[in-house]
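Q: Input structure: work-v2.txt, which contains compact mmCIF, C-alpha atoms.
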# COMPACT_ATOMS: atom_id res chain seq x y z
CA MET B 1 -59.22 -33.04 -57.44
CA THR B 2 -59.33 -34.80 -54.11
CA PRO B 3 -62.64 -34.82 -52.23
CA ARG B 4 -62.88 -32.35 -49.39
CA THR B 5 -61.45 -33.98 -46.32
CA VAL B 6 -61.48 -32.89 -42.71
CA ALA B 7 -59.39 -34.27 -39.88
CA VAL B 8 -61.31 -34.49 -36.62
CA VAL B 9 -59.04 -34.26 -33.60
CA PRO B 10 -60.63 -34.56 -30.14
CA ALA B 11 -58.42 -33.05 -27.44
CA TYR B 12 -58.67 -32.65 -23.70
CA ASP B 13 -55.81 -30.84 -21.94
CA GLU B 14 -53.35 -31.63 -24.74
CA GLU B 15 -51.60 -28.26 -25.13
CA ALA B 16 -48.23 -30.00 -25.16
CA ALA B 17 -49.09 -32.38 -27.99
CA ILE B 18 -51.85 -30.77 -30.05
CA GLY B 19 -49.63 -28.37 -31.98
CA ALA B 20 -47.50 -31.17 -33.41
CA VAL B 21 -50.60 -33.22 -34.26
CA VAL B 22 -52.15 -30.38 -36.26
CA GLU B 23 -48.88 -29.55 -37.99
CA GLY B 24 -48.32 -33.24 -38.77
CA ILE B 25 -51.68 -33.50 -40.52
CA ARG B 26 -51.10 -30.30 -42.46
CA ALA B 27 -47.65 -31.52 -43.44
CA PHE B 28 -49.13 -34.80 -44.70
CA ASP B 29 -51.62 -33.00 -46.93
CA PRO B 30 -52.24 -29.23 -46.78
CA GLU B 31 -55.58 -29.83 -48.54
CA ILE B 32 -56.96 -31.53 -45.43
CA ASP B 33 -58.75 -29.12 -43.10
CA VAL B 34 -58.20 -29.78 -39.44
CA VAL B 35 -60.86 -29.28 -36.78
CA VAL B 36 -59.80 -29.65 -33.16
CA VAL B 37 -62.65 -30.34 -30.76
CA ASP B 38 -61.55 -28.93 -27.44
CA ASP B 39 -63.47 -30.95 -24.86
CA GLY B 40 -63.55 -28.34 -22.12
CA SER B 41 -59.80 -28.20 -21.56
CA GLY B 42 -58.49 -26.10 -18.70
CA ASP B 43 -55.23 -25.38 -20.51
CA SER B 44 -54.53 -23.53 -23.74
CA THR B 45 -55.26 -26.46 -26.06
CA ALA B 46 -57.64 -24.34 -28.16
CA ALA B 47 -55.18 -21.46 -28.58
CA VAL B 48 -52.30 -23.76 -29.52
CA ALA B 49 -54.48 -25.64 -32.02
CA ALA B 50 -55.71 -22.40 -33.60
CA ALA B 51 -52.16 -21.07 -33.80
CA ALA B 52 -51.13 -24.26 -35.63
CA GLY B 53 -53.82 -23.61 -38.24
CA ALA B 54 -56.76 -25.70 -37.09
CA ALA B 55 -60.38 -24.68 -36.85
CA VAL B 56 -61.35 -24.97 -33.20
CA VAL B 57 -64.71 -26.06 -31.85
CA GLN B 58 -64.65 -25.42 -28.15
CA LEU B 59 -67.17 -27.34 -26.07
CA PRO B 60 -68.42 -25.25 -23.15
CA PHE B 61 -67.65 -28.02 -20.66
CA ASN B 62 -66.19 -31.52 -20.68
CA LEU B 63 -68.57 -33.91 -22.46
CA GLY B 64 -66.34 -36.98 -22.69
CA ILE B 65 -64.56 -38.49 -25.66
CA GLY B 66 -67.64 -39.89 -27.44
CA ALA B 67 -69.56 -36.62 -27.53
CA ALA B 68 -66.40 -34.72 -28.47
CA VAL B 69 -65.74 -37.01 -31.44
CA GLN B 70 -69.38 -36.77 -32.46
CA THR B 71 -69.11 -32.98 -32.40
CA GLY B 72 -66.32 -33.29 -34.95
CA PHE B 73 -68.42 -35.53 -37.20
CA ARG B 74 -71.32 -33.10 -36.93
CA TYR B 75 -68.91 -30.35 -37.97
CA ALA B 76 -67.91 -32.48 -40.98
CA LEU B 77 -71.56 -33.11 -41.89
CA GLU B 78 -72.65 -29.48 -41.52
CA ASN B 79 -69.75 -28.24 -43.59
CA GLY B 80 -70.34 -30.76 -46.34
CA TYR B 81 -67.09 -32.70 -46.17
CA ALA B 82 -66.95 -35.82 -48.29
CA ARG B 83 -64.47 -37.54 -46.01
CA ALA B 84 -63.37 -37.35 -42.42
CA VAL B 85 -60.40 -38.84 -40.66
CA ARG B 86 -60.15 -39.04 -36.92
CA LEU B 87 -56.88 -38.81 -35.02
CA ASP B 88 -56.41 -38.47 -31.29
CA GLY B 89 -55.06 -35.22 -29.88
CA ASP B 90 -52.30 -36.91 -27.88
CA GLY B 91 -50.19 -37.71 -30.94
CA GLN B 92 -50.46 -41.52 -30.81
CA HIS B 93 -51.79 -41.63 -34.38
CA ASP B 94 -49.19 -40.90 -37.03
CA PRO B 95 -50.56 -38.62 -39.79
CA GLY B 96 -48.03 -40.24 -42.14
CA GLN B 97 -50.22 -43.36 -42.12
CA LEU B 98 -53.31 -41.51 -43.32
CA SER B 99 -52.72 -42.63 -46.90
CA ALA B 100 -53.16 -46.26 -45.77
CA LEU B 101 -56.42 -45.29 -44.10
CA LEU B 102 -57.73 -43.28 -47.04
CA GLY B 103 -56.84 -45.93 -49.62
CA PRO B 104 -59.92 -48.18 -49.24
CA LEU B 105 -62.16 -45.08 -49.26
CA GLU B 106 -60.60 -43.86 -52.48
CA ARG B 107 -61.09 -47.25 -54.09
CA GLY B 108 -64.72 -47.26 -52.92
CA GLU B 109 -64.18 -50.47 -50.94
CA ALA B 110 -65.28 -49.20 -47.56
CA ASP B 111 -67.45 -46.68 -45.76
CA VAL B 112 -65.28 -46.72 -42.67
CA VAL B 113 -61.61 -47.67 -42.41
CA THR B 114 -60.06 -48.40 -39.03
CA GLY B 115 -56.36 -48.48 -38.31
CA SER B 116 -55.76 -51.75 -36.48
CA ARG B 117 -52.74 -52.43 -34.33
CA PHE B 118 -53.29 -56.17 -34.61
CA ARG B 119 -53.69 -56.83 -38.30
CA GLU B 120 -51.05 -58.99 -39.90
CA GLY B 121 -47.95 -57.06 -40.73
CA GLU B 122 -47.86 -54.96 -37.61
CA ASP B 123 -46.49 -56.56 -34.50
CA GLY B 124 -44.70 -53.67 -32.89
CA TYR B 125 -47.46 -52.85 -30.46
CA ARG B 126 -47.48 -54.84 -27.21
CA PRO B 127 -49.89 -53.28 -24.74
CA PRO B 128 -49.87 -54.30 -21.06
CA LEU B 129 -51.56 -57.63 -20.25
CA ALA B 130 -54.79 -56.18 -18.83
CA ARG B 131 -55.23 -53.89 -21.81
CA ARG B 132 -54.45 -56.72 -24.24
CA LEU B 133 -57.04 -58.96 -22.55
CA GLY B 134 -59.66 -56.23 -22.85
CA ILE B 135 -58.85 -55.56 -26.49
CA THR B 136 -58.96 -59.29 -27.33
CA TRP B 137 -62.22 -59.75 -25.43
CA PHE B 138 -63.94 -56.97 -27.32
CA ALA B 139 -62.49 -58.02 -30.67
CA ARG B 140 -63.89 -61.54 -30.15
CA LEU B 141 -67.23 -60.29 -28.85
CA VAL B 142 -67.72 -57.78 -31.66
CA SER B 143 -66.68 -60.34 -34.29
CA LEU B 144 -69.21 -62.77 -32.83
CA LEU B 145 -72.04 -60.25 -32.60
CA SER B 146 -71.48 -58.71 -36.00
CA GLY B 147 -70.37 -61.70 -38.02
CA GLN B 148 -67.34 -59.90 -39.41
CA ARG B 149 -63.82 -60.51 -38.20
CA VAL B 150 -62.59 -57.43 -36.36
CA THR B 151 -59.17 -57.33 -34.73
CA ASP B 152 -59.09 -53.92 -33.08
CA THR B 153 -62.31 -52.44 -31.76
CA THR B 154 -60.66 -49.83 -29.57
CA SER B 155 -58.74 -47.93 -32.20
CA GLY B 156 -59.66 -44.30 -32.63
CA PHE B 157 -57.67 -43.99 -35.86
CA GLN B 158 -60.39 -43.94 -38.52
CA ALA B 159 -61.35 -42.64 -41.93
CA LEU B 160 -64.99 -42.25 -43.00
CA ASN B 161 -66.87 -41.41 -46.16
CA GLU B 162 -70.15 -39.49 -46.30
CA ARG B 163 -72.23 -42.43 -45.09
CA GLY B 164 -69.92 -42.98 -42.15
CA ILE B 165 -69.97 -39.28 -41.28
CA ALA B 166 -73.77 -39.14 -41.53
CA LEU B 167 -74.20 -42.14 -39.24
CA PHE B 168 -71.75 -41.03 -36.56
CA ALA B 169 -72.98 -37.43 -36.65
CA ARG B 170 -76.44 -38.74 -35.84
CA ASP B 171 -75.58 -41.46 -33.37
CA TYR B 172 -72.35 -42.03 -31.52
CA PRO B 173 -71.85 -43.80 -28.18
CA SER B 174 -70.45 -42.03 -25.12
CA ASP B 175 -67.37 -42.95 -23.10
CA TYR B 176 -64.96 -45.56 -24.48
CA PRO B 177 -67.07 -45.36 -27.63
CA GLU B 178 -65.06 -47.17 -30.31
CA VAL B 179 -66.30 -50.66 -29.44
CA GLU B 180 -69.97 -49.77 -29.57
CA ALA B 181 -69.39 -47.60 -32.63
CA THR B 182 -67.93 -50.62 -34.45
CA VAL B 183 -71.05 -52.68 -33.77
CA LEU B 184 -73.24 -49.70 -34.63
CA LEU B 185 -71.76 -49.24 -38.07
CA LEU B 186 -71.82 -52.96 -38.86
CA LYS B 187 -75.47 -53.12 -37.77
CA HIS B 188 -76.19 -50.27 -40.15
CA ARG B 189 -74.52 -52.39 -42.87
CA LEU B 190 -71.73 -49.94 -43.47
CA ARG B 191 -68.65 -51.55 -44.91
CA LEU B 192 -65.79 -51.65 -42.42
CA VAL B 193 -62.23 -52.36 -43.50
CA GLU B 194 -59.27 -52.63 -41.17
CA VAL B 195 -55.80 -51.68 -42.27
CA PRO B 196 -52.66 -52.40 -40.26
CA VAL B 197 -51.10 -49.37 -38.62
CA GLY B 198 -48.45 -48.79 -36.02
CA MET B 199 -49.16 -46.49 -33.15
CA ARG B 200 -46.76 -44.31 -31.29
CA GLU B 201 -46.29 -44.18 -27.59
CA ARG B 202 -47.85 -41.14 -25.96
CA GLU B 203 -45.51 -38.21 -26.13
CA HIS B 204 -46.99 -36.28 -23.25
CA GLY B 205 -49.24 -36.91 -20.28
CA ALA B 206 -50.83 -40.16 -19.19
CA SER B 207 -53.49 -42.25 -20.88
CA SER B 208 -56.95 -41.50 -19.58
CA ILE B 209 -57.52 -45.21 -18.97
CA THR B 210 -56.38 -46.49 -15.56
CA PHE B 211 -56.72 -50.11 -14.48
CA LEU B 212 -59.87 -49.74 -12.38
CA ARG B 213 -61.42 -47.64 -15.08
CA SER B 214 -60.71 -50.23 -17.72
CA VAL B 215 -62.43 -52.87 -15.59
CA TYR B 216 -65.41 -50.57 -15.16
CA TYR B 217 -65.51 -49.76 -18.87
CA ALA B 218 -65.14 -53.41 -19.81
CA PHE B 219 -68.30 -54.22 -17.86
CA LYS B 220 -70.15 -51.13 -19.00
CA VAL B 221 -69.34 -51.60 -22.67
CA THR B 222 -70.10 -55.33 -22.60
CA LEU B 223 -73.48 -54.59 -21.06
CA ALA B 224 -74.12 -51.81 -23.57
CA LEU B 225 -73.18 -54.12 -26.45
CA LEU B 226 -75.50 -56.92 -25.33
CA VAL B 227 -78.38 -54.55 -24.69
CA ALA B 228 -77.78 -52.83 -28.02
CA MET B 229 -78.25 -56.16 -29.79
CA GLY B 230 -81.94 -55.93 -28.91
CA ARG B 231 -82.21 -52.51 -30.51
CA ARG B 232 -83.63 -51.95 -33.94
CA TYR B 233 -81.39 -50.31 -36.48
CA ALA B 234 -82.30 -48.32 -39.50
CA VAL B 235 -80.36 -49.18 -42.58
CA PRO B 236 -79.31 -45.93 -44.21
CA SER B 237 -80.18 -45.64 -47.87
CA GLU B 238 -77.64 -44.72 -50.50
CA GLY B 239 -76.36 -41.18 -50.33
CA VAL B 240 -75.99 -38.84 -47.43
CA GLN B 241 -78.83 -38.44 -45.00
CA ARG B 242 -79.24 -35.14 -43.29
CA MET W 243 -107.08 -56.72 11.56
CA THR W 244 -105.35 -53.38 11.08
CA PRO W 245 -105.33 -51.23 14.23
CA VAL W 246 -107.59 -48.17 13.77
CA ARG W 247 -104.86 -45.77 14.84
CA ILE W 248 -102.54 -46.98 12.09
CA SER W 249 -105.31 -46.48 9.53
CA ILE W 250 -105.93 -42.94 10.76
CA ALA W 251 -102.25 -42.03 10.81
CA ALA W 252 -101.69 -43.50 7.33
CA ALA W 253 -104.76 -41.70 5.97
CA ILE W 254 -103.56 -38.37 7.38
CA GLY W 255 -100.07 -38.98 5.98
CA SER W 256 -101.27 -39.78 2.46
CA ALA W 257 -103.79 -36.91 2.49
CA LEU W 258 -100.94 -34.56 3.48
CA LEU W 259 -98.81 -35.90 0.62
CA LEU W 260 -101.67 -35.27 -1.82
CA LEU W 261 -102.21 -31.74 -0.50
CA ILE W 262 -98.51 -30.88 -0.69
CA VAL W 263 -98.24 -32.20 -4.26
CA LEU W 264 -101.35 -30.25 -5.33
CA GLU W 265 -100.02 -27.10 -3.67
CA LEU W 266 -96.66 -27.52 -5.45
CA ILE W 267 -98.44 -27.86 -8.78
CA ARG W 268 -100.61 -24.80 -8.01
CA GLY W 269 -97.51 -22.75 -7.20
CA ARG W 270 -95.88 -23.98 -10.45
CA ARG W 271 -93.02 -25.49 -8.49
CA LEU W 272 -93.83 -28.99 -9.78
CA LYS W 273 -94.70 -29.82 -13.35
CA GLU W 274 -97.77 -31.97 -13.87
CA ARG W 275 -95.83 -34.62 -15.78
CA TYR W 276 -93.58 -35.20 -12.78
CA ALA W 277 -96.46 -34.93 -10.31
CA LEU W 278 -98.62 -37.70 -11.78
CA LEU W 279 -96.69 -40.52 -10.12
CA TRP W 280 -96.74 -38.69 -6.79
CA LEU W 281 -100.49 -38.15 -7.04
CA ALA W 282 -100.95 -41.85 -7.85
CA THR W 283 -98.81 -42.70 -4.79
CA GLY W 284 -100.87 -40.46 -2.50
CA LEU W 285 -104.19 -41.74 -3.83
CA ALA W 286 -103.25 -45.41 -3.62
CA LEU W 287 -101.99 -45.04 -0.05
CA LEU W 288 -105.09 -43.05 0.94
CA VAL W 289 -107.38 -45.72 -0.47
CA LEU W 290 -105.42 -48.53 1.19
CA SER W 291 -105.46 -46.83 4.57
CA LEU W 292 -109.19 -45.95 4.55
CA TRP W 293 -110.43 -49.20 2.95
CA ARG W 294 -109.53 -51.41 5.91
CA GLY W 295 -111.31 -54.48 4.62
CA GLY W 296 -109.52 -54.23 1.30
CA LEU W 297 -106.14 -54.03 3.01
CA ASN W 298 -106.92 -57.23 4.92
CA THR W 299 -108.08 -58.98 1.75
CA ILE W 300 -104.92 -58.04 -0.15
CA ALA W 301 -102.80 -59.14 2.82
CA GLY W 302 -104.63 -62.44 2.71
CA TRP W 303 -103.92 -62.89 -1.02
CA LEU W 304 -100.22 -62.27 -0.47
CA GLY W 305 -100.05 -64.58 2.51
CA VAL W 306 -99.30 -61.80 4.99
CA GLN W 307 -100.65 -63.08 8.28
CA GLY W 308 -100.84 -61.14 11.50
CA TYR W 309 -99.87 -57.67 10.31
CA PRO W 310 -101.84 -56.31 7.32
CA PRO W 311 -100.31 -52.77 7.54
CA ALA W 312 -97.15 -54.31 6.07
CA ILE W 313 -99.04 -54.05 2.78
CA LEU W 314 -99.07 -50.26 3.24
CA PHE W 315 -95.28 -50.21 3.50
CA ALA W 316 -94.92 -52.53 0.53
CA ALA W 317 -97.19 -50.33 -1.60
CA ALA W 318 -95.35 -47.15 -0.52
CA ILE W 319 -91.96 -48.68 -1.36
CA MET W 320 -93.19 -49.85 -4.76
CA PHE W 321 -94.38 -46.39 -5.63
CA VAL W 322 -91.14 -44.78 -4.45
CA ILE W 323 -89.17 -47.19 -6.65
CA ALA W 324 -91.42 -46.30 -9.58
CA VAL W 325 -90.86 -42.57 -8.97
CA LEU W 326 -87.07 -43.03 -8.72
CA LEU W 327 -86.95 -45.11 -11.89
CA HIS W 328 -88.97 -42.45 -13.65
CA TYR W 329 -86.48 -39.83 -12.46
CA SER W 330 -83.58 -41.89 -13.81
CA THR W 331 -85.16 -41.88 -17.24
CA VAL W 332 -85.79 -38.14 -16.99
CA LEU W 333 -82.18 -37.60 -15.91
CA SER W 334 -80.88 -39.68 -18.82
CA ARG W 335 -82.94 -37.69 -21.28
CA LEU W 336 -81.78 -34.41 -19.79
CA THR W 337 -78.16 -35.59 -20.02
CA ASP W 338 -78.61 -36.40 -23.71
CA ASP W 339 -80.33 -33.07 -24.36
CA ASN W 340 -77.56 -31.28 -22.51
CA VAL W 341 -74.88 -32.90 -24.67
CA ILE W 342 -76.73 -31.97 -27.85
CA LEU W 343 -77.13 -28.38 -26.66
CA ALA W 344 -73.45 -28.11 -25.75
CA GLN W 345 -72.48 -29.47 -29.18
CA GLU W 346 -74.84 -27.07 -30.94
CA VAL W 347 -73.53 -24.10 -28.96
CA ALA W 348 -69.92 -25.01 -29.72
CA LEU W 349 -70.60 -25.53 -33.43
CA LEU W 350 -72.62 -22.32 -33.70
CA ARG W 351 -69.96 -20.38 -31.86
CA ALA W 352 -67.25 -21.68 -34.18
CA ARG W 353 -69.42 -20.68 -37.10
CA VAL W 354 -70.16 -17.19 -35.76
CA ASP W 355 -66.46 -16.63 -35.14
CA ALA W 356 -65.67 -17.78 -38.67
CA LEU W 357 -68.35 -15.50 -40.12
CA GLU W 358 -67.13 -12.54 -38.11
CA GLY W 359 -63.62 -13.26 -39.26
CA GLU W 360 -62.36 -13.36 -35.72
CA THR W 361 -59.74 -15.85 -34.66
CA TRP W 362 -59.13 -17.53 -31.40
CA PRO W 363 -58.71 -16.35 -28.69
CA LEU W 364 -60.20 -12.93 -29.25
CA ALA W 365 -63.76 -14.10 -29.50
CA THR W 366 -63.80 -17.45 -27.80
CA SER W 367 -61.96 -16.65 -24.60
CA ARG W 368 -64.81 -17.77 -22.39
CA ARG W 369 -62.40 -19.62 -20.20
CA GLN W 370 -59.22 -17.67 -19.78
CA PRO W 371 -56.35 -19.99 -20.60
CA ARG W 372 -53.68 -20.21 -17.96
CA GLU W 373 -51.19 -18.49 -20.22
CA LEU W 374 -52.27 -15.86 -22.66
CA PRO W 375 -49.90 -14.88 -25.42
CA ASP W 376 -48.08 -11.73 -24.33
CA ASP W 377 -48.73 -9.63 -27.42
CA ASP W 378 -52.02 -7.74 -27.58
CA ASP W 379 -52.89 -9.07 -24.16
CA GLU W 380 -54.47 -5.77 -23.24
CA GLN W 381 -56.57 -5.68 -26.36
CA GLN W 382 -57.91 -9.13 -25.57
CA GLN W 383 -58.89 -8.06 -22.11
CA GLN W 384 -60.75 -5.05 -23.52
CA GLU W 385 -62.52 -7.21 -26.09
CA HIS W 386 -63.47 -9.61 -23.36
CA VAL W 387 -64.90 -6.83 -21.21
CA ALA W 388 -66.70 -5.34 -24.21
CA ARG W 389 -68.33 -8.70 -24.88
CA GLN W 390 -69.53 -9.01 -21.34
CA LYS W 391 -71.05 -5.56 -21.45
CA ARG W 392 -73.31 -6.37 -24.36
CA PRO W 393 -76.94 -5.89 -23.40
CA HIS W 394 -78.46 -9.15 -22.26
CA GLY W 395 -81.97 -8.37 -23.37
CA PRO W 396 -84.59 -5.69 -23.41
CA GLY W 397 -84.45 -3.45 -20.40
CA VAL W 398 -81.16 -4.81 -19.15
CA ASP W 399 -78.36 -2.32 -19.51
CA VAL W 400 -75.33 -3.57 -17.67
CA GLU W 401 -73.46 -0.32 -17.97
CA SER W 402 -76.12 1.67 -16.15
CA PHE W 403 -75.76 -0.50 -13.07
CA PRO W 404 -73.92 1.18 -10.21
CA THR W 405 -70.46 -0.28 -10.09
CA THR W 406 -69.67 0.22 -6.46
What would the structure in this file look like if it were written as structure tokens?

A:
Amino acid sequence: MTPRTVAVVPAYDEEAAIGAVVEGIRAFDPEIDVVVVDDGSGDSTAAVAAAAGAAVVQLPFNLGIGAAVQTGFRYALENGYARAVRLDGDGQHDPGQLSALLGPLERGEADVVTGSRFREGEDGYRPPLARRLGITWFARLVSLLSGQRVTDTTSGFQALNERGIALFARDYPSDYPEVEATVLLLKHRLRLVEVPVGMREREHGASSITFLRSVYYAFKVTLALLVAMGRRYAVPSEGVQR
Amino acid sequence: MTPVRISIAAAIGSALLLLIVLELIRGRRLKERYALLWLATGLALLVLSLWRGGLNTIAGWLGVQGYPPAILFAAAIMFVIAVLLHYSTVLSRLTDDNVILAQEVALLRARVDALEGETWPLATSRRQPRELPDDDDEQQQQEHVARQKRPHGPGVDVESFPTT
């Protein structure tokens, strides 16, 4: 029997894409429960997700991606799931690649598995120059700060075991959270493994990251990372902490 | 030396600040924990304006020659910065609390809906989506109205309120 797994899908105004995302996950493995965290959408994201067979947690107002994702991990923790996978609601993460993500968890090699667009074996993804600079900068910085080589700190395509779920349910950074979350989990001595994945172009709508915003986030996240280095971290003991 | 009139005006100003803060606390419009810094501000300024010799001495230490009341301004600005910084920390904490509350509400609501066996959007239509599914549209509206008419607490009966 496979351990109970939940797919956490944060979504903000994704009514055009969310149905296919939920159906894609269910098609990959009907055993995986899907929870869509509707981050205060103004459209019918929640209704479409529910119609596609997902559980819907509807935030009363927009909290931002970090808090929305954390809501999903809290859902996973409260409902006793042994594993969680996170996919974005815009359809850029292909549910067909979930088996690659879940592999290291199944073999007990990792607490958190991240789908990296830059690991060897995947060279299809060529983001615009500014984005690539930012991604490289954070990959270098995080590798330096954490002492583990990380190639993609901005990927939201992740799989977590109970320890990963417990950590992120308790503490998860706010906007543009993946970079800080990577450092957070390495500081807590959770085992992070990256697997190469391809990502699809957005099917609908525009990315929430514009150029000015990425500059702002680059500064904000760098500052947050450096300040966070001076923070003390608890090392979670074996087993799930509640 | 500080002109006497400046000392008097500053003393009246800081005494007024103290009185207003105390009155706000008395009327429960200001919580004590947020009033402490204001009280400290008022007291410090009152002391500095009445204790004219002290003001001159401090000005001398800091190398302020010719116009000791500048120390009054400096002290006032320092306290205002302290108050603002304190507010920023309060605001940050409130933001965090707010996020946690919103998450709790959403998770509880999802759980209540699951326990009641209701499915979206019958129960969770807090925000009306732009497009409702056509079938049982009317029923949804009635459910929605019924939810809003639930009593809000003891003594509050929405239905008994005059509607016109």

Q: Can you work out the spacing between atom CA of W:Leu292 and atom CA of W:Ala252 in Å, to one decimal?

A: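 These atoms are spaced 8.4 Å apart.
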
Q: Considering only C-alpha atoms, tabulate each residue of chain B that lies at most 12 Å from chain W along with its nearest interatomic pair and the corresponding distance in Å to one decimal; arrange the rows by chain and ascending residue number and present them as a tab-separated table.

A:
residue	atom	partner	partner_atom	distance
B:Asp13	CA	W:Pro371	CA	10.9
B:Glu15	CA	W:Pro371	CA	10.6
B:Val35	CA	W:Ala352	CA	10.3
B:Val36	CA	W:Ala352	CA	11.0
B:Val37	CA	W:Ala348	CA	9.1
B:Asp38	CA	W:Ala348	CA	9.5
B:Asp39	CA	W:Ala348	CA	10.0
B:Gly40	CA	W:Arg369	CA	9.0
B:Ser41	CA	W:Pro371	CA	9.0
B:Gly42	CA	W:Pro371	CA	6.7
B:Asp43	CA	W:Pro371	CA	5.5
B:Ser44	CA	W:Pro371	CA	5.1
B:Thr45	CA	W:Pro371	CA	8.5
B:Ala46	CA	W:Trp362	CA	7.7
B:Ala47	CA	W:Pro363	CA	6.2
B:Val48	CA	W:Trp362	CA	9.4
B:Ala49	CA	W:Trp362	CA	9.4
B:Ala50	CA	W:Trp362	CA	6.3
B:Ala51	CA	W:Trp362	CA	8.2
B:Ala52	CA	W:Trp362	CA	11.3
B:Gly53	CA	W:Thr361	CA	10.4
B:Ala54	CA	W:Trp362	CA	10.2
B:Ala55	CA	W:Ala352	CA	8.0
B:Val56	CA	W:Ala352	CA	6.8
B:Val57	CA	W:Ala352	CA	5.6
B:Gln58	CA	W:Ala348	CA	5.5
B:Leu59	CA	W:Ala348	CA	5.1
B:Pro60	CA	W:Ala344	CA	6.3
B:Phe61	CA	W:Ala344	CA	7.7
B:Asn62	CA	W:Ala344	CA	9.5
B:Leu63	CA	W:Val341	CA	6.8
B:Gly64	CA	W:Val341	CA	9.7
B:Ile65	CA	W:Val341	CA	11.8
B:Gly66	CA	W:Val341	CA	10.4
B:Ala67	CA	W:Val341	CA	7.1
B:Ala68	CA	W:Gln345	CA	8.1
B:Val69	CA	W:Gln345	CA	10.4
B:Gln70	CA	W:Gln345	CA	8.6
B:Thr71	CA	W:Gln345	CA	5.8
B:Gly72	CA	W:Leu349	CA	9.0
B:Phe73	CA	W:Gln345	CA	10.8
B:Arg74	CA	W:Leu349	CA	8.4
B:Tyr75	CA	W:Leu349	CA	6.8
B:Ala76	CA	W:Leu349	CA	10.6
B:Leu77	CA	W:Leu349	CA	11.4
B:Glu78	CA	W:Leu349	CA	9.2
B:Asn79	CA	W:Arg353	CA	10.0
B:Ala169	CA	W:Gln345	CA	10.9
B:Arg170	CA	W:Ile342	CA	10.5
B:Asp171	CA	W:Ile342	CA	11.0
B:Tyr172	CA	W:Asp338	CA	11.5
B:Pro173	CA	W:Asp338	CA	11.0
B:Ser174	CA	W:Asp338	CA	10.0

Q: At a cut-off of 10 Å, using all atoms listed in the file, what residues contact B:Met229? Leave out same-chain residues fewer than 4 positions from it and give the result as number ranges by chain.

A: B: 145-146, 183-184, 187, 224-225, 233

Q: Counting only C-alpha atoms, which of W:Gly255, W:Gly269, W:Gly359, W:Pro311 gets nearest to W:Arg294?

A: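 Among the listed residues, the smallest separation from W:Arg294 belongs to W:Pro311.
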
Q: Find the residues near W:Tyr276: any atom within 12 Å, counting all atoms listed in the file, skip ones fewer than 6 places away on the same chain, and give them as a VMD selection string.

A: chain W and resid 263 to 264 266 to 267 270 282 324 to 329 331 to 332

Q: Hey, can you check how far atom CA of B:Val195 sits from atom CA of B:Asp88?

A: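 Atom CA of B:Asp88 lies at a distance of 17.2 Å from atom CA of B:Val195.
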
Q: Figure out the distance between atom CA of B:Ala82 and atom CA of B:Ala100, please, to one decimal in Å.

A: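 Computing it gives 17.5 Å between the two atoms.
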
Q: Excluding B:Gln158 and residues on its chain fewer than 2 positions from it, collect all residues at most 9 Å away from it, counting only C-alpha atoms, and give them as a JSON list (two decimals) with C-alpha atoms, in the coordinates of the input.

A:
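Here's the written file selection_32.json:
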[["chain", "number", "residue", "atom", "x", "y", "z"],
["B", 84, "ALA", "CA", -63.37, -37.35, -42.42],
["B", 85, "VAL", "CA", -60.40, -38.84, -40.66],
["B", 86, "ARG", "CA", -60.15, -39.04, -36.92],
["B", 87, "LEU", "CA", -56.88, -38.81, -35.02],
["B", 98, "LEU", "CA", -53.31, -41.51, -43.32],
["B", 101, "LEU", "CA", -56.42, -45.29, -44.10],
["B", 102, "LEU", "CA", -57.73, -43.28, -47.04],
["B", 112, "VAL", "CA", -65.28, -46.72, -42.67],
["B", 113, "VAL", "CA", -61.61, -47.67, -42.41],
["B", 114, "THR", "CA", -60.06, -48.40, -39.03],
["B", 115, "GLY", "CA", -56.36, -48.48, -38.31],
["B", 155, "SER", "CA", -58.74, -47.93, -32.20],
["B", 156, "GLY", "CA", -59.66, -44.30, -32.63],
["B", 160, "LEU", "CA", -64.99, -42.25, -43.00]]

Q: Identify which of the residues B:Pro177, B:Gly134, B:Pro10, B:Gly164 lies closest to B:Ser214, counting all atoms listed in the file when measuring atom-to-atom distances.

A: B:Gly134

Q: Smallest atom-to-atom distance to B:Arg200: which of B:Glu109, B:Asp94, B:Asp152, B:Glu14, using all atoms listed in the file?

A: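 Result for the nearest residue to B:Arg200: B:Asp94.
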
Q: Between W:Ala312, W:Leu357, W:Leu333, W:Phe321, which one has atoms that come closest to W:Thr244, using only C-alpha atoms?

A: W:Ala312

Q: Scan for residues within 8 Å of the point (-67.7, -58.4, -41.9) in the coordinates of the file, using all atoms listed in the file, and reply as a compact mmCIF listing (two decimals) with C-alpha atoms, in the coordinates of the input.

A:
# COMPACT_ATOMS: atom_id res chain seq x y z
CA SER B 143 -66.68 -60.34 -34.29
CA SER B 146 -71.48 -58.71 -36.00
CA GLY B 147 -70.37 -61.70 -38.02
CA GLN B 148 -67.34 -59.90 -39.41
CA ARG B 149 -63.82 -60.51 -38.20
CA VAL B 150 -62.59 -57.43 -36.36
CA LEU B 186 -71.82 -52.96 -38.86
CA ARG B 191 -68.65 -51.55 -44.91
CA LEU B 192 -65.79 -51.65 -42.42
